[in-house]
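Chemist: Just dropping this structure here.
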Amino acid sequence: MTPVLPPDVPPPGERFFNFAQHLLDANAARASKAAFVDDLGTLAYGALAERVRRLAAGLRAQGLKREERVLLLMQDTNDWPVAFLGAMYAGAVPVAVNTLLTADDYAYMLEHSRAQAVLVSGALLPALTSALTKSDHEVGKVIVSRPVAPLAPHEVAFERFLEAHGPLPKPAATGPDDPGFWLYSSGSTGRPKGTVHSHANPYWTAELYGKRVLGLKESDVCFSAAKLFFAYGLGNALTFPMAVGATTLLMAERPTPDATFKRWLGGVGKVKPTVFYGAPTGYAGMLASPNLPQRGDVALRLTSSAGEALPAELGERFKAHFGVDIVDGIGSTEMLHIFISNRPDKVRYGTTGWPVPGYEIALRGEDGGPVPDGEPGDLYIAGPSAAMMYWGNRQKTRDTFQGGWTKSGDKYVRNSDGSYTYSGRSDDMLKVSGIYVSPFEVEATLVQHPAVLEAAVIGVPDAEGLTKTKAFVVLKPGGAATADELKAFVKDKLAPYKYPRQIEFVPDLPKTATGKIQRFRLREQEASKTSTQ
């Protein structure tokens, strides 16, 4: 399957294309303009280019060869884009990993990626040190950004590493289909997988989505709650803004409502974001906060959402308060960024929107054939940003990347207007009394209740072994509701068979660091309860 690309999108070079060089060249005339702003200062485009080339030279001097991996365990600061682009410029392959994992996770990733060097934030160095102790894999050099303690002999401070090397005069002669970087899948359905992307893949997402759907401008200030180590955050805060010469506001700390509001109000770098990228969980928390800013206090012109489908009620409340729509879309680590999306000038809440030009969408039934409009089917995508493979996992690669198509693992419904509505993960869909029930539909209804902050729905077997729905509900601070009240609320809004037969009130829900609810964790908890009874 070869998708039809928009005619005005030029392809990257056929033989030579280095994505880091592409971004630096695109901003060569903006040397004095702010590229990135973090809590400690501003990094201009000119200084960024020099630091990227110095880091590349340093990695080369360490003996790193083309396509060898470099682990990036770094918080979102101005050093992150230097590390990521510097590795790509040198022809090495940066492996960006989640900063919220355990030492055991990092030990696995070190061994799995066979990383030859590590770039790490000082605050995360203890976790890395523990991982290196647990792992049999050895790395040549550990480069520490913003150290917080004296360094060991095999460790070197990021700034000293840059100062010790002059800029690399030219980039590695990579091609568009050469391995460019890895991202690990977020683990919403199990163990993370090392997803290999090419040098050309981020070019396509920036051209097809960042420029042509979101309409980002050079004058924009972009701020992403999703961190740079995620596919969503990488596009939001690096690929997209650099592709148009915009400025990015970076935040090392967790994206709590108060931390987000501080940036919205210009409390860092005296710049206010014009574009904000979040996730439904974050938007719900912000709207429930007593410190929610007023419309006139922020400079937002565009807000985006991904990670999970956005409940219509949430988008409508945000629009009513700020006068700005939330543009909801779906992407994946495997496709690198969003491939179905609403548009800034065309939002239909309750749907994920329409295919992004340059991507083809297919919904398939259990027999592999197409499903008619209005019926749920497994979502497949064809597009130029699809990953190359899962490293060291041939079977899963074959299952997911099928010819020109990528199997997403999501179920969707195509509506009569060509938009698509999310129906849950393929392994989360429930068949109750022989009829599919979407967990997301029930969750989206529960969160419309004024006392409910979040909800997650799974299937549990009843005494007869038949699947019934169970909802785990997090109430808002000060909120009050009974299980019977919530059941009646859902029955009033959905077909009666869809209401949750059981409701359990919980203080929080298990999630990935991107805010995706891990329903499989809830299923494991329920299975554990059953086995001990």
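Each chain in the structure tokens gets a letter, A, B, ..., in the order shown, and its residues are numbered from 1; ligands are numbered from 1 in order too.
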Quick one: pick out all strand (DSSP E) residues within region 343-490 of chain A from a backbone DSSP run and write them as a PyMOL selection string.
Modeler: chain A and resi 354-355+360-364+377-382+389-390+401-402+405-414+420-425+430-432+435-437+452-461+467-475
Chemist: Near Ile435 (chain A), within 12 Å and counting only C-alpha atoms, which residues show up once chain neighbours fewer than 6 positions away are dropped, as a PyMOL selection string?
Modeler: chain A and resi 375-376+429+467-468+495+497-498
Chemist: Return the single residue from A:Tyr106, A:Gly358, A:Ala444, A:Gly515 that is closest to Ala225 (chain A), with distances computed using only C-alpha atoms.
Modeler: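 Closest to Ala225 (chain A) of all the choices is A:Gly515.
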Chemist: Looking only at the backbone, which of the residues in region 228-283 of chain A does DSSP tag as helix (DSSP H, G or I), as JSON, numbers by chain?
Modeler: {"A": [231, 232, 233, 234, 235, 236, 237, 238, 239, 240, 241, 242, 243, 244, 257, 258, 259, 260, 261, 262, 263, 264, 280, 281, 282, 283]}
Chemist: Pick from A:Arg54, A:Lys493, A:Lys511, A:Lys431: nearest to Gly166 (chain A), with only C-alpha atoms counted?
Modeler: A:Arg54
Chemist: Name all residues at most 8 Å from Pro179 (chain A) (count only C-alpha atoms; drop same-chain ones fewer than 4 positions away) and give them as a list in words.
Modeler: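 Near neighbours after the sequence-gap exclusion: Glu67, Val93, Val196, His197, Ser198 and His199 of chain A.
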Chemist: Would you export the selected residues with N, CA, C and O atoms as a PDB file, in the first residue's frame, please?
Modeler:
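The result, stored in result.pdb:
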```pdb
ATOM      1  N   GLU A  67      25.151   3.979  13.250  1.00  0.00           N
ATOM      2  CA  GLU A  67      24.033   3.117  13.640  1.00  0.00           C
ATOM      3  C   GLU A  67      24.205   2.481  15.016  1.00  0.00           C
ATOM      4  O   GLU A  67      23.322   1.739  15.456  1.00  0.00           O
ATOM      5  N   VAL A  93      22.448   6.410  16.691  1.00  0.00           N
ATOM      6  CA  VAL A  93      20.994   6.248  16.813  1.00  0.00           C
ATOM      7  C   VAL A  93      20.586   6.515  18.258  1.00  0.00           C
ATOM      8  O   VAL A  93      20.800   5.670  19.138  1.00  0.00           O
ATOM      9  N   VAL A 196      11.912   1.199  15.888  1.00  0.00           N
ATOM     10  CA  VAL A 196      12.989   1.812  15.112  1.00  0.00           C
ATOM     11  C   VAL A 196      12.395   2.719  14.028  1.00  0.00           C
ATOM     12  O   VAL A 196      11.631   2.258  13.177  1.00  0.00           O
ATOM     13  N   HIS A 197      12.775   3.994  14.059  1.00  0.00           N
ATOM     14  CA  HIS A 197      12.316   4.961  13.060  1.00  0.00           C
ATOM     15  C   HIS A 197      13.482   5.436  12.195  1.00  0.00           C
ATOM     16  O   HIS A 197      14.630   5.501  12.651  1.00  0.00           O
ATOM     17  N   SER A 198      13.163   5.801  10.980  1.00  0.00           N
ATOM     18  CA  SER A 198      14.172   6.242  10.025  1.00  0.00           C
ATOM     19  C   SER A 198      14.409   7.745  10.124  1.00  0.00           C
ATOM     20  O   SER A 198      13.665   8.469  10.786  1.00  0.00           O
ATOM     21  N   HIS A 199      15.434   8.233   9.413  1.00  0.00           N
ATOM     22  CA  HIS A 199      15.710   9.666   9.354  1.00  0.00           C
ATOM     23  C   HIS A 199      14.561  10.420   8.685  1.00  0.00           C
ATOM     24  O   HIS A 199      14.293  11.579   9.026  1.00  0.00           O
TER      25      HIS A 199
END
```
Chemist: Counting only C-alpha atoms, which of A:Thr248, A:Thr400, A:Thr406, A:Ser219 gets nearest to Ala35 (chain A)?
Modeler: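 With only C-alpha atoms as the atom set, the closest residue is A:Thr248.
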Chemist: Interatomic distance between CA of Gly350 (chain A) and CA of Val473 (chain A)?
Modeler: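 Those two atoms sit 20.5 Å apart.
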